[in-house]
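So the structure is just underneath, and the comments pick up after that.
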Amino acid sequence: MEARSLKSQLEQLLQQAVNGLVGGLLPTAPDASQISVERTRDTQHGDFASNVAMRLAKAARRNPRELAQAIAAALPANALIERTEVAGAGFINFYLAAGAYGTEVARVFELGAAYGQSSRGRNQSIIIEFVSANPTGPLHVAHGRHAAYGATLANLLRAAGHRVHREFYVNDAGRQMDILAVSLWLRYLELSGEAVAFPAGGYQGAYLKDIAAELRDSVGAGLVRAAAAVVAGLPADEAEGGDKDGYVDALIARARELLGESAFQEVLGRARDRLLGNMRTDLEDFGVVYDRWYSEMSLATSGALDRALARLRQQGHLYQKDGATWFRASEFGDEKDRVVVRENGLTTYFASDIAYHLDKRERGFDLLIDVLGSGHHGYVARVRGGLAAMGEPPDSLEVPMIQVVTLFRGGEQLQMSKRSGQFVTLRELRAEVGNDACRFFFLMRGHEQPLDFDLDLATARTNENPVYYVQYAHARASSVMKQLQARGLTFERAEGLANVKLLTGELEQVLLNRIAAFTEIIETAAANRTPQTLVFYLRELANGFHSYYNSERFIVAESPLRNARLALVGAAQQVIRNGLTLLGVSAPESM
RNA sequence: GCGCCCGUAGCUCAGAGGAUAGAGCAUCGGCCUUCUAAGCCGAGGGUCGCAGGUUCGAUUCCUGCCGGGCGCGCCA
């Protein structure tokens with residue numbers, strides 16, 4: 001069976017009706033995007049409404065209401081629509097057949113955890129890259145927001161019928177890795193009684209001290225060199241009025257010289273692997289898994305980087321200036337040209353990224369989604385330019401920008417600074433507020449909105465905490481089923497589904513309506529790349545459930561009505577669970 | 001200076017051409033001998049930053065201004 005939302009089904013019917021008028025009332029076939037159906041805000045306008053007649057009236061040179069009448073009359077016979085009416089300036093209002101919601105409830109039970117999935121995405125192949133934090137330190141709270149957003153968006157896209165591949169791009173190349181190696185080695189020397197002043201430009205976080213201890217346990221004193229030999233002839237660091245980059249670079253050179261390249265690489269690899277391992281564990285614990293961790297370094301070793309640059313050069317998109325190789329990005333929509341090979345012969349991060357994105361296209365992905373921090377917006381034009389220069393469509397790259405996270409405790413903003421090594425890690429945050437509140441809070445706001453994360457609210461076990469509201473609805477539904485058992489009764493699904501027509505109460509209708517909207521909410525949230533659409537929906541669905549719960553008793557004496565109500569409760573519970581699962585939030589049986 | 005994002009209820013935010021602009025929190029008033037009160041119901045609260053424009057219709061799209069945030073490396 002093809003999975004479609006009610007909205008999609010209605011749009012399909014409407015499309016057929018409109019097509020039937022082409023050549024008659026309508027001069028030409030309209031664009032499919034003009035033919036849409038929306039949920040009504042007010043039930044006195046029916047269940048769904050369409051503005052199609054108003055949109056087509058001008059081109060057709062027809063009165064909108066007249067056109068609406070004609071379109072409504074041309075709707076093919078179907079079991080979905082009870083009746084239509086033309087209202088206002090030319091709206092077509094749809095009233096669903098009484099059985100439509102009963103069918104939908106039956107589908108919830110039939111499909112279970114798969115309810116809500118649709119084929120809307122037409123199997124479009126999407127690669128979504130997110131977090132991709134530098135392996136130079138632990139993940140912190142901002143990465144958590146990226147992880148929650150990216151993982152949930154991936155879930156939504158898959159549910160909406162796309163093929164989705166999740167990727168973490170590992171920035172394991174470049175100078176930062178050398179700095180990491182030196183930082184670790186200096187911590188190791190410290191432990192070994194050969195302390196050297198720690199550079200301002202190094203990675204100062206305490207995590208490297210732990211890794212240094214492991215290194216010491218593992219290799220013993222083999223990497224120890226005299227502090228005096230390390231610092232001999234080095235330029236001044238920032239603290240002494242020198243240049244911090246110059247000092248770090250000199251230290252890197254000195255480390256290579258004293259250790260030898262292979263030992264230096266061993267230290268580097270030790271730090272990188274350990275930090276990447278921690279990231280992977282953190283993300284898995286947070287419910288975020290990837291299909292692939294893609295190494296930046298592998299672009300160089302596989303030759304992909306050289307191939308990409310050769311291709312650009314061949315097309316005449318590169319030129320030499322000031323000893324460096326530049327890409328003519330300004331000819332492809334960027335504000336200025338960009339360096340791809342530096343004066344010192346090393347390729348830039350941007351060069352890797354061109355090769356990486358070309359590789360994504362060559363692997364067959366239709367759409368490339370990069371989830372980036374809002375600070376990276378200047379980067380988008382550059383990478384699009386690279387794609388364009390390679391002959392790839394620049395709009396195959398889409399970049400949702402995630403705004404910053406600010407933590408608050410007791411009304412006070414927590415200071416976070418990566419440079420000083422004092423920041424709240426994702427691990428610490430999860431330990432304090434738990435996975436559920438963490439993911440829910442990260443997704444509560446639009447991703448382009450800066451997020452104030454209130455730790456007191458997230459840990460509050462009170463009604464002020466929004467994550468409990470939705471979970472509580474699920475737990476309450478479970479509780480009803482347990483209560484049923486305790487009374488020696490069972491839920492007779494067939495009887496319940498056969499009697500959904502008895503659910504004529506206002507609150508029952510509202511709840512049925514909201515349940516049936518789930519599939520189209522997923523479609524909308526996926527299409528707009530807005531997980532918070534699902535968050536808001538779940539709050540509304542939970543509200544519909546709580547209101548119903550407070551106004552009616554479900555376990556009544558009359559078996560048909562009891563089972564019909566239990567079917568509604570069970571369907572609501574299933575949809576809440578499916579929705580929370582997409583968000584990566586648990587659906588507890590009791591609270 | 002250039003570029004991107006944001007200005008909606010007291011606060012935090014949804015809504016992205018459509019009918020009377022919504023939610024949570026806060027405030028005030030009700031609801032537990034009955035399936036979990038982490039719940040429900042009700043009330044008050046708005047010049048959708050300002051000014052033009054496009055449109056049958058603009059909070060939504062366009063332009064300009066005002067206000068706030070961020071970014072503009074041969075770093076990654």
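Labels for the structure tokens follow display order: chains A, B, ..., residues from 1 in each chain, ligands from 1.
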Show me a table, sorted first by chain and then by increasing residue number, of the residues of chain A having an atom at most 7 Å from chain B, each with its shortest atom pair and the distance in Å to one decimal, counting only C-alpha atoms (C1' of nucleotides) and written as JSON lines.
```
{"residue": "A:Gly88", "atom": "CA", "partner": "B:A19", "partner_atom": "C1'", "distance": 6.9}
{"residue": "A:Ala324", "atom": "CA", "partner": "B:C74", "partner_atom": "C1'", "distance": 6.9}
{"residue": "A:Val339", "atom": "CA", "partner": "B:C74", "partner_atom": "C1'", "distance": 6.2}
{"residue": "A:Arg342", "atom": "CA", "partner": "B:C74", "partner_atom": "C1'", "distance": 4.7}
{"residue": "A:Glu343", "atom": "CA", "partner": "B:C74", "partner_atom": "C1'", "distance": 6.3}
{"residue": "A:Tyr349", "atom": "CA", "partner": "B:A76", "partner_atom": "C1'", "distance": 6.5}
{"residue": "A:Gly375", "atom": "CA", "partner": "B:G71", "partner_atom": "C1'", "distance": 5.5}
{"residue": "A:His376", "atom": "CA", "partner": "B:G71", "partner_atom": "C1'", "distance": 7.0}
{"residue": "A:His377", "atom": "CA", "partner": "B:C4", "partner_atom": "C1'", "distance": 6.2}
{"residue": "A:Gly378", "atom": "CA", "partner": "B:G71", "partner_atom": "C1'", "distance": 6.5}
{"residue": "A:Arg461", "atom": "CA", "partner": "B:A38", "partner_atom": "C1'", "distance": 6.8}
{"residue": "A:Thr462", "atom": "CA", "partner": "B:A38", "partner_atom": "C1'", "distance": 5.3}
{"residue": "A:Asn463", "atom": "CA", "partner": "B:A38", "partner_atom": "C1'", "distance": 4.9}
{"residue": "A:Tyr468", "atom": "CA", "partner": "B:A38", "partner_atom": "C1'", "distance": 6.1}
{"residue": "A:Tyr469", "atom": "CA", "partner": "B:A38", "partner_atom": "C1'", "distance": 6.7}
{"residue": "A:Tyr472", "atom": "CA", "partner": "B:A38", "partner_atom": "C1'", "distance": 6.7}
{"residue": "A:Arg476", "atom": "CA", "partner": "B:U36", "partner_atom": "C1'", "distance": 6.2}
{"residue": "A:Val480", "atom": "CA", "partner": "B:C35", "partner_atom": "C1'", "distance": 4.9}
{"residue": "A:Gln483", "atom": "CA", "partner": "B:C35", "partner_atom": "C1'", "distance": 6.0}
{"residue": "A:His546", "atom": "CA", "partner": "B:G39", "partner_atom": "C1'", "distance": 6.5}
{"residue": "A:Ser547", "atom": "CA", "partner": "B:C40", "partner_atom": "C1'", "distance": 5.8}
{"residue": "A:Asn550", "atom": "CA", "partner": "B:C40", "partner_atom": "C1'", "distance": 5.6}
{"residue": "A:Arg553", "atom": "CA", "partner": "B:C35", "partner_atom": "C1'", "distance": 6.8}
{"residue": "A:Phe554", "atom": "CA", "partner": "B:C35", "partner_atom": "C1'", "distance": 6.9}
{"residue": "A:Ile555", "atom": "CA", "partner": "B:C35", "partner_atom": "C1'", "distance": 6.7}
```
How would the residues just picked look written out with N, CA and C atoms as a PDB file, in the first residue's frame?
```
ATOM      1  N   GLY A  88     -16.128  32.018   1.191  1.00  0.00           N
ATOM      2  CA  GLY A  88     -15.293  33.213   1.178  1.00  0.00           C
ATOM      3  C   GLY A  88     -15.029  33.690  -0.233  1.00  0.00           C
ATOM      4  N   ALA A 324      51.015  31.353  -4.280  1.00  0.00           N
ATOM      5  CA  ALA A 324      49.947  30.423  -3.914  1.00  0.00           C
ATOM      6  C   ALA A 324      49.098  30.109  -5.146  1.00  0.00           C
ATOM      7  N   VAL A 339      42.344  30.781  -1.837  1.00  0.00           N
ATOM      8  CA  VAL A 339      43.559  29.985  -1.964  1.00  0.00           C
ATOM      9  C   VAL A 339      43.232  28.499  -1.797  1.00  0.00           C
ATOM     10  N   ARG A 342      48.665  26.691  -0.560  1.00  0.00           N
ATOM     11  CA  ARG A 342      49.376  27.809   0.066  1.00  0.00           C
ATOM     12  C   ARG A 342      50.792  27.949  -0.481  1.00  0.00           C
ATOM     13  N   GLU A 343      51.375  29.070  -0.138  1.00  0.00           N
ATOM     14  CA  GLU A 343      52.738  29.354  -0.565  1.00  0.00           C
ATOM     15  C   GLU A 343      53.680  28.232  -0.115  1.00  0.00           C
ATOM     16  N   TYR A 349      42.124  23.832   3.821  1.00  0.00           N
ATOM     17  CA  TYR A 349      40.921  23.113   4.220  1.00  0.00           C
ATOM     18  C   TYR A 349      39.875  23.211   3.120  1.00  0.00           C
ATOM     19  N   GLY A 375      27.993  30.710  12.241  1.00  0.00           N
ATOM     20  CA  GLY A 375      29.195  31.478  11.952  1.00  0.00           C
ATOM     21  C   GLY A 375      29.859  31.109  10.640  1.00  0.00           C
ATOM     22  N   HIS A 376      29.439  29.999  10.052  1.00  0.00           N
ATOM     23  CA  HIS A 376      30.088  29.543   8.829  1.00  0.00           C
ATOM     24  C   HIS A 376      29.338  29.944   7.570  1.00  0.00           C
ATOM     25  N   HIS A 377      28.423  30.901   7.696  1.00  0.00           N
ATOM     26  CA  HIS A 377      27.578  31.183   6.529  1.00  0.00           C
ATOM     27  C   HIS A 377      28.389  31.690   5.342  1.00  0.00           C
ATOM     28  N   GLY A 378      29.535  32.341   5.627  1.00  0.00           N
ATOM     29  CA  GLY A 378      30.363  32.836   4.540  1.00  0.00           C
ATOM     30  C   GLY A 378      30.940  31.709   3.698  1.00  0.00           C
ATOM     31  N   ARG A 461      11.513  18.562  37.709  1.00  0.00           N
ATOM     32  CA  ARG A 461      10.534  17.475  37.600  1.00  0.00           C
ATOM     33  C   ARG A 461       9.157  18.044  37.900  1.00  0.00           C
ATOM     34  N   THR A 462       8.819  19.081  37.199  1.00  0.00           N
ATOM     35  CA  THR A 462       7.543  19.747  37.439  1.00  0.00           C
ATOM     36  C   THR A 462       6.815  19.961  36.122  1.00  0.00           C
ATOM     37  N   ASN A 463       5.628  20.495  36.259  1.00  0.00           N
ATOM     38  CA  ASN A 463       4.809  20.729  35.076  1.00  0.00           C
ATOM     39  C   ASN A 463       5.379  21.826  34.178  1.00  0.00           C
ATOM     40  N   TYR A 468       8.325  16.597  29.786  1.00  0.00           N
ATOM     41  CA  TYR A 468       7.478  15.653  30.521  1.00  0.00           C
ATOM     42  C   TYR A 468       6.048  15.663  30.028  1.00  0.00           C
ATOM     43  N   TYR A 469       5.611  16.779  29.530  1.00  0.00           N
ATOM     44  CA  TYR A 469       4.219  16.926  29.117  1.00  0.00           C
ATOM     45  C   TYR A 469       3.843  15.883  28.072  1.00  0.00           C
ATOM     46  N   TYR A 472       4.366  12.281  29.479  1.00  0.00           N
ATOM     47  CA  TYR A 472       3.315  11.963  30.438  1.00  0.00           C
ATOM     48  C   TYR A 472       2.056  11.463  29.728  1.00  0.00           C
ATOM     49  N   ARG A 476       0.428   7.956  30.543  1.00  0.00           N
ATOM     50  CA  ARG A 476      -0.976   7.865  30.950  1.00  0.00           C
ATOM     51  C   ARG A 476      -1.732   6.857  30.093  1.00  0.00           C
ATOM     52  N   VAL A 480      -3.690   3.440  31.279  1.00  0.00           N
ATOM     53  CA  VAL A 480      -5.071   3.052  30.994  1.00  0.00           C
ATOM     54  C   VAL A 480      -5.121   1.576  30.614  1.00  0.00           C
ATOM     55  N   GLN A 483      -4.639  -0.538  33.622  1.00  0.00           N
ATOM     56  CA  GLN A 483      -5.850  -0.504  34.439  1.00  0.00           C
ATOM     57  C   GLN A 483      -6.910  -1.456  33.873  1.00  0.00           C
ATOM     58  N   HIS A 546      -4.523  14.808  26.753  1.00  0.00           N
ATOM     59  CA  HIS A 546      -4.760  15.175  28.155  1.00  0.00           C
ATOM     60  C   HIS A 546      -6.171  15.734  28.347  1.00  0.00           C
ATOM     61  N   SER A 547      -6.604  16.550  27.404  1.00  0.00           N
ATOM     62  CA  SER A 547      -7.947  17.128  27.519  1.00  0.00           C
ATOM     63  C   SER A 547      -8.998  16.027  27.492  1.00  0.00           C
ATOM     64  N   ASN A 550      -9.050  14.000  30.680  1.00  0.00           N
ATOM     65  CA  ASN A 550      -9.694  14.664  31.809  1.00  0.00           C
ATOM     66  C   ASN A 550     -11.205  14.762  31.681  1.00  0.00           C
ATOM     67  N   ARG A 553     -14.224   9.148  30.706  1.00  0.00           N
ATOM     68  CA  ARG A 553     -13.660   7.884  31.178  1.00  0.00           C
ATOM     69  C   ARG A 553     -13.656   6.930  29.996  1.00  0.00           C
ATOM     70  N   PHE A 554     -12.559   6.223  29.867  1.00  0.00           N
ATOM     71  CA  PHE A 554     -12.430   5.332  28.716  1.00  0.00           C
ATOM     72  C   PHE A 554     -12.985   3.946  29.020  1.00  0.00           C
ATOM     73  N   ILE A 555     -12.729   3.501  30.244  1.00  0.00           N
ATOM     74  CA  ILE A 555     -13.134   2.148  30.594  1.00  0.00           C
ATOM     75  C   ILE A 555     -14.569   2.189  31.098  1.00  0.00           C
TER      76      ILE A 555
END
```
All residues 12 Å or closer to B:G29, only C-alpha atoms (C1' of nucleotides), same chain fewer than 5 positions away omitted, as a ChimeraX atom specification: /B:41-44
DSSP alpha helix (DSSP H) residues within stretch 65-167 of chain A, listed as a PyMOL selection string: chain A and resi 65-73+98-111+141-159
Which neighbours of A:Glu335 fall inside 12 Å, counting only C-alpha atoms (C1' of nucleotides), when residues of the same chain fewer than 2 positions from it are skipped, and could you give them as a PDB file with N, CA and C atoms (P, O5', C5', C4', C3', O3' and C1' of nucleotides), in the first residue's frame?
```pdb
ATOM      1  N   ARG A 328      39.225  30.591  -8.792  1.00  0.00           N
ATOM      2  CA  ARG A 328      38.443  31.764  -9.197  1.00  0.00           C
ATOM      3  C   ARG A 328      37.025  31.694  -8.644  1.00  0.00           C
ATOM      4  N   ALA A 329      36.914  31.700  -7.325  1.00  0.00           N
ATOM      5  CA  ALA A 329      35.596  31.565  -6.687  1.00  0.00           C
ATOM      6  C   ALA A 329      34.681  32.731  -7.055  1.00  0.00           C
ATOM      7  N   SER A 330      35.291  33.903  -7.285  1.00  0.00           N
ATOM      8  CA  SER A 330      34.462  35.078  -7.568  1.00  0.00           C
ATOM      9  C   SER A 330      33.704  34.926  -8.886  1.00  0.00           C
ATOM     10  N   GLU A 331      34.159  34.013  -9.739  1.00  0.00           N
ATOM     11  CA  GLU A 331      33.423  33.793 -10.991  1.00  0.00           C
ATOM     12  C   GLU A 331      32.252  32.838 -10.775  1.00  0.00           C
ATOM     13  N   PHE A 332      32.170  32.290  -9.566  1.00  0.00           N
ATOM     14  CA  PHE A 332      31.094  31.334  -9.282  1.00  0.00           C
ATOM     15  C   PHE A 332      30.276  31.755  -8.068  1.00  0.00           C
ATOM     16  N   GLY A 333      30.132  33.046  -7.897  1.00  0.00           N
ATOM     17  CA  GLY A 333      29.199  33.533  -6.884  1.00  0.00           C
ATOM     18  C   GLY A 333      29.806  33.892  -5.550  1.00  0.00           C
ATOM     19  N   ASP A 337      38.221  35.512  -4.687  1.00  0.00           N
ATOM     20  CA  ASP A 337      38.904  34.263  -4.991  1.00  0.00           C
ATOM     21  C   ASP A 337      39.507  33.672  -3.722  1.00  0.00           C
ATOM     22  N   ARG A 338      39.746  32.353  -3.747  1.00  0.00           N
ATOM     23  CA  ARG A 338      40.229  31.676  -2.532  1.00  0.00           C
ATOM     24  C   ARG A 338      41.464  30.836  -2.827  1.00  0.00           C
ATOM     25  N   GLY A 378      29.535  32.341   5.627  1.00  0.00           N
ATOM     26  CA  GLY A 378      30.363  32.836   4.540  1.00  0.00           C
ATOM     27  C   GLY A 378      30.940  31.709   3.698  1.00  0.00           C
ATOM     28  N   TYR A 379      30.901  30.513   4.240  1.00  0.00           N
ATOM     29  CA  TYR A 379      31.525  29.382   3.607  1.00  0.00           C
ATOM     30  C   TYR A 379      30.683  28.779   2.490  1.00  0.00           C
ATOM     31  N   VAL A 380      29.374  29.013   2.578  1.00  0.00           N
ATOM     32  CA  VAL A 380      28.455  28.334   1.667  1.00  0.00           C
ATOM     33  C   VAL A 380      28.699  28.723   0.209  1.00  0.00           C
ATOM     34  N   ALA A 381      28.823  30.026  -0.037  1.00  0.00           N
ATOM     35  CA  ALA A 381      29.018  30.494  -1.415  1.00  0.00           C
ATOM     36  C   ALA A 381      30.286  29.882  -1.998  1.00  0.00           C
ATOM     37  N   ARG A 382      31.298  29.724  -1.163  1.00  0.00           N
ATOM     38  CA  ARG A 382      32.566  29.186  -1.583  1.00  0.00           C
ATOM     39  C   ARG A 382      32.437  27.738  -2.068  1.00  0.00           C
ATOM     40  N   GLY A 385      30.416  27.483  -5.092  1.00  0.00           N
ATOM     41  CA  GLY A 385      31.238  27.901  -6.221  1.00  0.00           C
ATOM     42  C   GLY A 385      32.109  26.749  -6.704  1.00  0.00           C
TER      43      GLY A 385
ATOM     44  P     C B   2      27.864  48.867   2.772  1.00  0.00           P
ATOM     45  O5'   C B   2      28.286  47.375   2.431  1.00  0.00           O
ATOM     46  C5'   C B   2      28.839  47.048   1.164  1.00  0.00           C
ATOM     47  C4'   C B   2      29.318  45.615   1.156  1.00  0.00           C
ATOM     48  C3'   C B   2      28.279  44.577   1.550  1.00  0.00           C
ATOM     49  O3'   C B   2      27.401  44.240   0.489  1.00  0.00           O
ATOM     50  C1'   C B   2      30.283  44.145   2.711  1.00  0.00           C
ATOM     51  P     G B   3      25.892  43.800   0.838  1.00  0.00           P
ATOM     52  O5'   G B   3      26.087  42.349   1.456  1.00  0.00           O
ATOM     53  C5'   G B   3      26.576  41.283   0.649  1.00  0.00           C
ATOM     54  C4'   G B   3      26.789  40.054   1.494  1.00  0.00           C
ATOM     55  C3'   G B   3      25.585  39.590   2.298  1.00  0.00           C
ATOM     56  O3'   G B   3      24.671  38.857   1.519  1.00  0.00           O
ATOM     57  C1'   G B   3      27.500  39.573   3.673  1.00  0.00           C
ATOM     58  P     C B  72      35.300  35.164  10.538  1.00  0.00           P
ATOM     59  O5'   C B  72      35.160  35.445   8.967  1.00  0.00           O
ATOM     60  C5'   C B  72      36.241  35.944   8.232  1.00  0.00           C
ATOM     61  C4'   C B  72      35.752  36.694   7.020  1.00  0.00           C
ATOM     62  C3'   C B  72      36.610  37.891   6.654  1.00  0.00           C
ATOM     63  O3'   C B  72      37.728  37.499   5.871  1.00  0.00           O
ATOM     64  C1'   C B  72      34.345  38.535   6.660  1.00  0.00           C
TER      65        C B  72
END
```
